[in-house]
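What's in upload.txt: compact mmCIF, C-alpha atoms and all ligand atoms
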# COMPACT_ATOMS: atom_id res chain seq x y z
CA MET Z 28 0.00 0.00 0.00
CA ALA Z 29 1.32 3.46 -0.83
CA ASP Z 30 2.55 5.93 1.77
CA GLN Z 31 0.02 8.59 2.66
CA PRO Z 32 0.58 12.28 3.35
CA CYS Z 33 0.40 12.57 7.13
CA ARG Z 34 0.44 15.60 9.40
CA PHE Z 35 2.59 13.64 11.91
CA ARG Z 36 5.35 12.92 9.36
CA ALA Z 37 7.95 15.17 11.04
CA GLY Z 38 7.65 13.05 14.19
CA LEU Z 39 9.56 10.17 12.59
CA ARG Z 40 12.73 11.80 13.92
CA HIS Z 41 11.72 10.54 17.40
CA TRP Z 42 12.15 6.93 18.50
CA HIS Z 43 8.89 4.98 18.24
CA PRO Z 44 8.33 1.34 19.22
CA LEU Z 45 7.28 -0.49 16.07
CA LEU Z 46 6.48 -4.01 17.22
CA PRO Z 47 7.33 -6.52 19.97
CA SER Z 48 10.63 -8.32 19.32
CA VAL Z 49 9.00 -11.75 19.68
CA GLN Z 50 6.77 -11.06 16.67
CA LEU Z 51 9.73 -10.72 14.33
CA GLY Z 52 10.93 -14.16 13.22
CA ARG Z 53 12.32 -14.94 9.77
CA ARG Z 54 9.30 -13.50 7.96
CA PRO Z 55 9.46 -9.75 7.15
CA HIS Z 56 6.71 -7.60 8.68
CA ARG Z 57 5.13 -4.43 7.34
CA ARG Z 58 4.27 -1.60 9.68
CA GLN Z 59 2.89 1.91 9.15
CA LEU Z 60 3.99 4.89 11.21
CA CYS Z 61 3.31 8.59 10.59
CA GLY Z 62 1.77 7.65 7.21
CA GLN Z 63 4.90 5.80 5.99
CA TRP Z 64 5.03 2.06 5.33
CA PHE Z 65 8.10 0.17 6.46
CA VAL Z 66 9.23 -3.42 6.18
CA VAL Z 67 11.12 -4.82 9.16
CA PHE Z 68 13.18 -8.00 8.96
CA ARG Z 69 15.62 -10.05 11.00
CA THR Z 70 18.67 -11.55 9.33
CA ALA Z 71 20.14 -15.01 10.02
CA SER Z 72 22.65 -13.49 12.47
CA GLY Z 73 19.84 -11.74 14.38
CA ARG Z 74 20.37 -8.21 13.04
CA VAL Z 75 17.19 -6.19 12.56
CA GLY Z 76 16.75 -4.01 9.48
CA ALA Z 77 13.99 -1.65 8.34
CA LEU Z 78 13.41 -0.26 4.85
CA PRO Z 79 10.71 1.72 3.08
CA GLU Z 80 8.22 -0.98 2.08
CA ALA Z 81 8.24 -0.31 -1.67
CA CYS Z 82 11.20 -1.85 -3.51
CA PRO Z 83 13.15 0.98 -5.23
CA HIS Z 84 13.25 -1.03 -8.46
CA ARG Z 85 9.58 -1.49 -9.47
CA ARG Z 86 7.72 -0.90 -6.19
CA MET Z 87 6.99 -4.49 -5.10
CA SER Z 88 6.19 -4.77 -1.41
CA LEU Z 89 9.36 -5.97 0.28
CA ALA Z 90 7.12 -7.61 2.89
CA THR Z 91 6.52 -10.31 0.24
CA GLY Z 92 10.27 -11.00 0.10
CA LYS Z 93 12.32 -13.59 1.94
CA VAL Z 94 15.31 -13.36 4.23
CA ARG Z 95 18.33 -15.29 2.97
CA GLY Z 96 21.35 -15.12 5.23
CA GLU Z 97 21.99 -11.43 5.88
CA MET Z 98 19.86 -10.20 2.99
CA LEU Z 99 16.19 -9.49 2.34
CA VAL Z 100 15.44 -10.65 -1.21
CA CYS Z 101 12.67 -8.95 -3.18
CA SER Z 102 10.05 -11.40 -4.47
CA TYR Z 103 9.74 -9.71 -7.90
CA HIS Z 104 13.22 -9.57 -9.50
CA GLY Z 105 15.46 -10.74 -6.70
CA TRP Z 106 17.23 -7.52 -5.74
CA GLN Z 107 18.76 -7.88 -2.30
CA PHE Z 108 18.95 -5.52 0.67
CA ASP Z 109 21.10 -5.71 3.75
CA ALA Z 110 20.16 -4.40 7.21
CA ASP Z 111 21.97 -1.09 6.47
CA GLY Z 112 19.86 -0.49 3.36
CA VAL Z 113 22.64 -1.28 0.86
CA VAL Z 114 21.06 -2.62 -2.34
CA HIS Z 115 22.64 -5.45 -4.33
CA CYS Z 116 21.27 -5.84 -7.83
CA PRO Z 117 22.49 -9.09 -9.48
CA LEU Z 118 22.58 -7.44 -12.95
CA MET Z 119 24.29 -4.22 -11.77
CA PRO Z 120 26.64 -5.36 -8.99
CA SER Z 121 28.47 -2.02 -8.86
CA ALA Z 122 25.42 0.28 -9.03
CA GLY Z 123 26.01 1.50 -5.45
CA LEU Z 124 22.31 1.91 -4.63
CA GLN Z 125 21.36 2.76 -1.04
CA GLN Z 126 17.94 2.96 0.59
CA PRO Z 127 17.26 5.84 3.05
CA ALA Z 128 18.93 5.14 6.37
CA LEU Z 129 16.62 4.22 9.23
CA GLN Z 130 17.86 3.70 12.76
CA LEU Z 131 16.74 0.68 14.76
CA ARG Z 132 17.18 -0.55 18.32
CA GLU Z 133 15.94 -3.57 20.26
CA SER Z 134 15.21 -2.86 23.90
CA HIS Z 135 12.55 -3.66 26.56
CA GLY Z 136 11.22 -6.42 24.28
CA LEU Z 137 10.42 -3.93 21.51
CA ILE Z 138 11.88 -2.96 18.15
CA TRP Z 139 12.29 0.81 17.86
CA LEU Z 140 12.62 2.91 14.75
CA ARG Z 141 13.48 6.48 13.88
CA GLN Z 142 14.40 8.36 10.74
CA PRO Z 143 17.46 10.52 11.38
CA LEU Z 144 17.63 14.08 10.15
CA ALA Z 145 20.23 14.89 7.51
CA GLY Z 146 23.57 15.80 9.07
CA GLU Z 147 22.51 15.20 12.68
CA GLY Z 148 24.94 13.86 15.29
CA ALA Z 149 24.41 10.97 17.69
CA PRO Z 150 20.83 9.68 17.93
CA PRO Z 151 18.82 10.66 21.01
CA PRO Z 152 18.45 8.05 23.78
CA LEU Z 153 15.46 5.72 23.84
CA PRO Z 154 12.58 6.63 26.18
CA GLU Z 155 12.97 5.12 29.67
CA TRP Z 156 10.60 4.24 32.50
CA PRO Z 157 10.91 2.55 35.92
CA HIS Z 158 10.67 -1.24 35.60
CA SER Z 159 13.32 -3.12 37.60
CA ASP Z 160 11.12 -3.51 40.72
CA LEU Z 161 8.33 -5.35 38.89
CA LEU Z 162 7.85 -8.29 36.56
CA CYS Z 163 6.94 -7.60 32.93
CA ALA Z 164 3.74 -9.59 32.43
CA GLY Z 165 3.64 -8.98 28.70
CA ILE Z 166 3.21 -6.58 25.81
CA THR Z 167 -0.06 -5.93 24.01
CA VAL Z 168 -0.72 -4.19 20.69
CA HIS Z 169 -4.06 -2.59 19.79
CA ASP Z 170 -5.06 -0.82 16.59
CA VAL Z 171 -7.32 2.16 17.17
CA PRO Z 172 -9.55 3.70 14.47
CA ALA Z 173 -9.09 7.23 15.85
CA PRO Z 174 -6.45 9.95 15.47
CA LEU Z 175 -3.59 10.34 17.91
CA GLU Z 176 -5.14 13.28 19.76
CA LEU Z 177 -8.48 11.58 20.46
CA THR Z 178 -6.77 8.35 21.44
CA LEU Z 179 -4.47 10.11 23.88
CA ASP Z 180 -7.47 12.04 25.25
CA ASN Z 181 -9.07 8.74 26.23
CA PHE Z 182 -5.96 7.59 28.07
CA THR Z 183 -5.36 10.80 29.98
CA GLU Z 184 -8.72 11.25 31.66
CA THR Z 185 -10.32 8.92 34.16
CA GLU Z 186 -13.96 10.05 33.89
CA HIS Z 187 -14.73 7.36 31.28
CA THR Z 188 -13.56 4.50 33.54
CA THR Z 189 -16.90 4.49 35.39
CA SER Z 190 -18.94 3.77 32.27
CA VAL Z 191 -16.49 2.07 29.90
CA HIS Z 192 -14.44 -0.30 32.08
CA GLN Z 193 -15.32 -3.48 33.92
CA VAL Z 194 -12.65 -3.61 36.65
CA PHE Z 195 -10.08 -0.82 36.45
CA GLY Z 196 -12.23 2.21 37.17
CA PHE Z 197 -13.92 4.52 39.65
CA ARG Z 198 -17.39 4.07 41.15
CA ASP Z 199 -18.44 7.63 40.39
CA PRO Z 200 -16.46 10.51 38.80
CA ALA Z 201 -18.00 12.96 41.28
CA SER Z 202 -16.20 11.24 44.17
CA VAL Z 203 -12.76 11.19 42.53
CA GLN Z 204 -10.13 13.54 43.91
CA LEU Z 205 -8.14 14.90 40.99
CA ARG Z 206 -4.81 16.72 40.94
CA LEU Z 207 -2.91 17.86 37.88
CA GLU Z 208 0.63 19.21 37.56
CA LEU Z 209 2.12 20.52 34.35
CA GLU Z 210 5.90 20.29 34.16
CA PRO Z 211 8.09 21.38 31.26
CA SER Z 212 8.77 17.81 30.11
CA CYS Z 213 5.64 15.96 31.30
CA THR Z 214 2.15 16.14 32.76
CA ARG Z 215 1.31 14.43 36.07
CA VAL Z 216 -2.22 13.43 37.07
CA TRP Z 217 -3.35 11.90 40.37
CA ASN Z 218 -6.81 10.32 40.79
CA ARG Z 219 -8.12 8.85 44.05
CA GLY Z 220 -11.59 7.47 44.75
CA PRO Z 221 -13.82 4.47 45.46
CA GLN Z 222 -13.29 1.48 43.18
CA LYS Z 223 -16.20 0.70 40.86
CA PRO Z 224 -18.20 -2.50 41.42
CA PHE Z 225 -16.95 -5.36 39.28
CA PRO Z 226 -18.09 -8.93 38.45
CA ARG Z 227 -17.46 -11.42 41.27
CA LEU Z 228 -15.32 -13.54 38.97
CA PHE Z 229 -12.48 -11.03 39.12
CA ASP Z 230 -11.84 -11.09 42.85
CA ALA Z 231 -11.16 -14.82 42.54
CA PHE Z 232 -8.00 -13.80 40.64
CA ILE Z 233 -6.89 -10.56 42.21
CA ASP Z 234 -7.00 -9.49 45.84
CA ILE Z 235 -8.90 -6.24 45.28
CA ARG Z 236 -12.51 -5.79 46.41
CA PRO Z 237 -15.34 -3.59 45.10
CA SER Z 238 -15.23 -1.72 48.44
CA ASP Z 239 -11.56 -0.72 47.93
CA HIS Z 240 -10.13 2.72 47.32
CA PHE Z 241 -8.49 2.99 43.91
CA ALA Z 242 -5.55 5.21 43.03
CA ASN Z 243 -4.72 5.76 39.38
CA ASP Z 244 -1.74 8.07 38.95
CA TRP Z 245 0.13 8.72 35.76
CA VAL Z 246 2.86 10.69 34.07
CA THR Z 247 2.70 11.48 30.35
CA ARG Z 248 5.81 12.34 28.35
CA PHE Z 249 5.90 13.21 24.70
CA GLU Z 250 8.90 11.63 22.94
CA PRO Z 251 6.76 9.85 21.64
CA PRO Z 252 3.50 10.03 23.65
CA LEU Z 253 4.17 7.68 26.57
CA THR Z 254 2.06 7.41 29.72
CA VAL Z 255 3.17 5.41 32.77
CA TYR Z 256 0.25 4.52 35.06
CA GLU Z 257 0.66 3.38 38.66
CA GLN Z 258 -2.54 1.66 39.78
CA THR Z 259 -2.91 0.61 43.43
CA TRP Z 260 -5.77 -0.35 45.73
CA ARG Z 261 -6.35 0.02 49.48
CA SER Z 262 -8.84 -1.77 51.69
CA ARG Z 263 -11.41 0.18 53.73
CA LEU Z 264 -8.91 0.01 56.61
CA GLY Z 265 -6.23 1.61 54.44
CA THR Z 266 -4.12 -1.51 53.89
CA LEU Z 267 -2.33 -1.49 50.57
CA ARG Z 268 -3.32 -4.52 48.46
CA ARG Z 269 -0.52 -6.69 47.12
CA PHE Z 270 -1.95 -6.58 43.62
CA ARG Z 271 -0.89 -3.49 41.72
CA LEU Z 272 -0.25 -2.61 38.12
CA ARG Z 273 2.18 -0.44 36.24
CA VAL Z 274 1.00 0.12 32.69
CA VAL Z 275 3.40 1.71 30.21
CA LEU Z 276 1.38 2.85 27.23
CA PHE Z 277 2.62 4.30 23.95
CA VAL Z 278 0.13 5.99 21.63
CA LEU Z 279 1.54 6.05 18.10
CA PRO Z 280 0.24 7.94 15.07
CA VAL Z 281 -0.21 5.42 12.25
CA THR Z 282 -1.97 7.81 9.88
CA ASP Z 283 -3.90 11.05 10.34
CA GLN Z 284 -6.94 9.01 11.38
CA ARG Z 285 -5.53 5.82 12.94
CA SER Z 286 -3.39 5.11 15.99
CA GLN Z 287 -1.77 2.16 17.67
CA LEU Z 288 -1.33 1.31 21.33
CA ILE Z 289 1.74 -0.58 22.46
CA THR Z 290 1.43 -1.45 26.13
CA LEU Z 291 3.87 -3.04 28.57
CA LEU Z 292 2.32 -4.49 31.73
CA TYR Z 293 4.17 -4.84 35.01
CA THR Z 294 3.07 -6.55 38.24
CA PRO Z 295 4.76 -7.57 41.49
CA ARG Z 296 6.80 -10.75 41.21
CA LEU Z 297 4.83 -12.45 43.99
CA LEU Z 298 1.07 -12.19 44.18
CA PRO Z 299 -1.47 -13.91 46.41
CA GLY Z 300 -3.87 -16.65 45.32
CA PRO Z 301 -3.95 -18.03 41.79
CA LEU Z 302 -1.88 -15.10 40.55
CA HIS Z 303 1.15 -16.55 42.27
CA GLY Z 304 3.92 -17.82 40.00
CA TRP Z 305 3.55 -18.76 36.36
CA LEU Z 306 -0.18 -17.99 36.16
CA ALA Z 307 0.36 -14.35 37.01
CA ALA Z 308 1.55 -13.08 33.64
CA PRO Z 309 -1.14 -14.60 31.39
CA ILE Z 310 -3.99 -13.62 33.72
CA VAL Z 311 -2.79 -10.03 34.17
CA ARG Z 312 -2.20 -9.78 30.42
CA ALA Z 313 -5.66 -11.11 29.56
CA LEU Z 314 -7.37 -8.87 32.10
CA THR Z 315 -5.57 -5.72 30.99
CA ALA Z 316 -5.95 -6.52 27.29
CA HIS Z 317 -9.68 -6.89 27.89
CA GLU Z 318 -9.87 -3.44 29.52
CA LEU Z 319 -7.88 -1.95 26.63
CA ASP Z 320 -10.30 -3.63 24.19
CA LEU Z 321 -13.07 -1.68 25.92
CA ASP Z 322 -11.18 1.58 25.35
CA VAL Z 323 -10.70 0.73 21.68
CA ARG Z 324 -14.38 -0.16 21.32
CA ALA Z 325 -15.37 3.21 22.79
CA LEU Z 326 -12.98 5.09 20.47
CA ALA Z 327 -14.32 3.17 17.46
CA GLN Z 328 -17.79 4.51 18.26
CA LEU Z 329 -16.87 8.22 18.17
CA ALA Z 330 -19.28 10.01 15.88
CA ASP Z 331 -16.76 12.71 14.96
CA ARG Z 332 -12.98 12.19 14.64
CA ASN Z 333 -12.02 15.80 14.28
CA PRO Z 334 -9.27 16.36 16.85
CA GLU Z 335 -10.39 19.94 17.59
CA LEU Z 336 -11.62 20.50 21.16
CA SER Z 337 -14.25 22.96 22.22
CA PRO Z 338 -13.02 24.42 25.53
CA ARG Z 339 -16.63 25.42 26.36
CA THR Z 340 -17.69 21.79 26.75
CA LEU Z 341 -14.75 20.39 28.67
CA GLY Z 342 -15.12 19.10 32.22
CA PRO Z 343 -12.65 19.10 35.12
CA PHE Z 344 -11.04 15.82 34.00
CA ASP Z 345 -10.35 17.28 30.56
CA ARG Z 346 -8.05 20.14 31.56
CA VAL Z 347 -5.02 18.08 30.66
CA LEU Z 348 -6.31 17.47 27.12
CA LEU Z 349 -5.59 21.01 26.01
CA GLU Z 350 -2.05 20.68 27.33
CA ASN Z 351 -1.68 17.37 25.45
CA ARG Z 352 -2.68 19.14 22.25
CA ARG Z 353 0.00 21.75 22.75
CA ARG Z 354 2.69 19.14 23.38
CA ILE Z 355 1.65 16.93 20.46
CA SER Z 356 1.85 19.98 18.28
CA THR Z 357 5.43 20.64 19.41
CA LEU Z 358 6.45 17.02 18.96
CA TYR Z 359 4.88 16.16 15.63
CA LEU Z 360 3.76 19.30 13.91
CA GLY Z 361 6.63 21.66 14.62
CA GLY Z 362 4.23 24.01 16.45
S1 LIG Y 401 10.55 -4.76 -7.77
FE1 LIG Y 401 11.97 -5.49 -6.34
S2 LIG Y 401 13.53 -6.35 -7.51
FE2 LIG Y 401 12.15 -5.55 -8.95
FE FE Y 402 -9.83 3.49 29.60
Render the structure in this file as structure tokens.
Amino acid sequence: MADQPCRFRAGLRHWHPLLPSVQLGRRPHRRQLCGQWFVVFRTASGRVGALPEACPHRRMSLATGKVRGEMLVCSYHGWQFDADGVVHCPLMPSAGLQQPALQLRESHGLIWLRQPLAGEGAPPPLPEWPHSDLLCAGITVHDVPAPLELTLDNFTETEHTTSVHQVFGFRDPASVQLRLELEPSCTRVWNRGPQKPFPRLFDAFIDIRPSDHFANDWVTRFEPPLTVYEQTWRSRLGTLRRFRLRVVLFVLPVTDQRSQLITLLYTPRLLPGPLHGWLAAPIVRALTAHELDLDVRALAQLADRNPELSPRTLGPFDRVLLENRRRISTLYLGG
């Protein structure tokens, strides 16, 4: 499929996670980011390469090619590409063709991509987040049929959790204590309130109760949009539950109108009940993926996908959305 003009195109200079490392075997994968299609492949020695998807010869999708040794071989006329983008054409061995350079990294179980600017120096560091104290229970990927701004809106307000979510939410937005801090490099939001009622099935797996007090605190940074949530529960007596979640969520612009969520889930290494040991990761992953599915379903039902906000109709939980707009504009649109 051809690249599309995209208002987020300038943001390719920032590192973005493209896909989980475990998804990339010997078969090339195609991915779209900021309107551009890329093919990602892993060579026999384990090196990861990324190229524009269209072969520079006659535009075949390189995702239909095969990896042989250290080369990706185009399925149409057999031109070959190494992980640095050097092109080897069997009929013109000294042509010296080179595909645009893309930078790649593998870290935190993800493959990261950026497009360097001409003449720039060393690449910027990858985004970081706290993780060594908890176990990574898995990575999920969700496609969202909504633009970056509206998708990030959903994940930076907690008012919707009462109506949209089944477990991870507040009983009533009116009883949530909300605090917001805007810092030069991030926004911080604290939310505290009674946990919403949830189906009895869930408390067989996690030691939270519908009578608990829920805290959902997060920090959003913008290189690319990355929100780290710390979710904890306390009993009526104020005892901290052993179950807690750290959710690291990237919201990526795929096109002007579509986004992708890449989410890393972290839990304590030791949990009570059936969540102890090897069962912990799959259950936490399934539960969180289900809650994210509910977010995606809500976003898919928006009647209007225009990212403009009307400040007149915003509520107290939406104050941060205007700030998000400003920061997205700086990151992606050069505003
Ligand atoms: S289109 Fe790829 S080698 Fe011809
Ligand atoms: Fe949500």
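Relative to atom CA of Arg354 of chain Z, atom CA of Leu209 of chain Z is found at 11.1 Å.
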Review point. Within 9 Å of ligand FE 402 (chain Y), counting all atoms listed in the file, which protein or nucleic acid residues do you find, written as a PyMOL selection string?
Key: chain Z and resi 181-188+191-192+195-196+318-323+325
Could you list, with a cut-off of 12 Å and counting all atoms listed in the file, the residues of chain Z near ligand LIG 401 (chain Y), each shown with its nearest atom pair and the distance in Å rounded to one decimal, rows sorted by chain and ascending number, as JSON lines?
{"residue": "Z:Pro79", "atom": "CA", "partner": "Y:LIG401", "partner_atom": "FE1", "distance": 11.9}
{"residue": "Z:Glu80", "atom": "CA", "partner": "Y:LIG401", "partner_atom": "FE1", "distance": 10.3}
{"residue": "Z:Ala81", "atom": "CA", "partner": "Y:LIG401", "partner_atom": "S1", "distance": 7.9}
{"residue": "Z:Cys82", "atom": "CA", "partner": "Y:LIG401", "partner_atom": "FE1", "distance": 4.7}
{"residue": "Z:Pro83", "atom": "CA", "partner": "Y:LIG401", "partner_atom": "FE1", "distance": 6.7}
{"residue": "Z:His84", "atom": "CA", "partner": "Y:LIG401", "partner_atom": "S1", "distance": 4.7}
{"residue": "Z:Arg85", "atom": "CA", "partner": "Y:LIG401", "partner_atom": "S1", "distance": 3.8}
{"residue": "Z:Arg86", "atom": "CA", "partner": "Y:LIG401", "partner_atom": "S1", "distance": 5.0}
{"residue": "Z:Met87", "atom": "CA", "partner": "Y:LIG401", "partner_atom": "S1", "distance": 4.5}
{"residue": "Z:Ser88", "atom": "CA", "partner": "Y:LIG401", "partner_atom": "FE1", "distance": 7.6}
{"residue": "Z:Leu89", "atom": "CA", "partner": "Y:LIG401", "partner_atom": "FE1", "distance": 7.1}
{"residue": "Z:Ala90", "atom": "CA", "partner": "Y:LIG401", "partner_atom": "FE1", "distance": 10.6}
{"residue": "Z:Thr91", "atom": "CA", "partner": "Y:LIG401", "partner_atom": "FE1", "distance": 9.8}
{"residue": "Z:Gly92", "atom": "CA", "partner": "Y:LIG401", "partner_atom": "FE1", "distance": 8.6}
{"residue": "Z:Lys93", "atom": "CA", "partner": "Y:LIG401", "partner_atom": "FE1", "distance": 11.6}
{"residue": "Z:Leu99", "atom": "CA", "partner": "Y:LIG401", "partner_atom": "FE1", "distance": 10.4}
{"residue": "Z:Val100", "atom": "CA", "partner": "Y:LIG401", "partner_atom": "S2", "distance": 7.9}
{"residue": "Z:Cys101", "atom": "CA", "partner": "Y:LIG401", "partner_atom": "FE1", "distance": 4.7}
{"residue": "Z:Ser102", "atom": "CA", "partner": "Y:LIG401", "partner_atom": "FE1", "distance": 6.5}
{"residue": "Z:Tyr103", "atom": "CA", "partner": "Y:LIG401", "partner_atom": "FE2", "distance": 4.9}
{"residue": "Z:His104", "atom": "CA", "partner": "Y:LIG401", "partner_atom": "S2", "distance": 3.8}
{"residue": "Z:Gly105", "atom": "CA", "partner": "Y:LIG401", "partner_atom": "S2", "distance": 4.9}
{"residue": "Z:Trp106", "atom": "CA", "partner": "Y:LIG401", "partner_atom": "S2", "distance": 4.3}
{"residue": "Z:Gln107", "atom": "CA", "partner": "Y:LIG401", "partner_atom": "S2", "distance": 7.5}
{"residue": "Z:Phe108", "atom": "CA", "partner": "Y:LIG401", "partner_atom": "S2", "distance": 9.8}
{"residue": "Z:Val114", "atom": "CA", "partner": "Y:LIG401", "partner_atom": "S2", "distance": 9.9}
{"residue": "Z:His115", "atom": "CA", "partner": "Y:LIG401", "partner_atom": "S2", "distance": 9.7}
{"residue": "Z:Cys116", "atom": "CA", "partner": "Y:LIG401", "partner_atom": "S2", "distance": 7.8}
{"residue": "Z:Pro117", "atom": "CA", "partner": "Y:LIG401", "partner_atom": "S2", "distance": 9.6}
{"residue": "Z:Leu118", "atom": "CA", "partner": "Y:LIG401", "partner_atom": "S2", "distance": 10.6}
{"residue": "Z:Met119", "atom": "CA", "partner": "Y:LIG401", "partner_atom": "S2", "distance": 11.8}
Point to revise | Point-to-point distance in Å for atom CA of Arg219 of chain Z and atom CA of Asp239 of chain Z | key: 10.9 Å
Exercise for review: Quick one: everything within 8 Å of segment 127-132 of chain Z, counting all atoms listed in the file, minus sequence neighbours fewer than 5 positions away in the same chain. Send it as a VMD selection string.
Suggested key: chain Z and resid 75 to 79 111 to 112 138 to 143
Would you list the residues near (-8.0, 6.1, 42.1), meaning any protein, DNA or RNA residue with an atom at most 6 Å from that point in file coordinates, counting all atoms listed in the file, as a CSV table (one decimal) with C-alpha atoms, keeping the file's coordinate frame?
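Result saved to selection_28.csv:
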chain,number,residue,atom,x,y,z
Z,218,ASN,CA,-6.8,10.3,40.8
Z,219,ARG,CA,-8.1,8.8,44.0
Z,220,GLY,CA,-11.6,7.5,44.8
Z,241,PHE,CA,-8.5,3.0,43.9
Z,242,ALA,CA,-5.6,5.2,43.0
Z,243,ASN,CA,-4.7,5.8,39.4
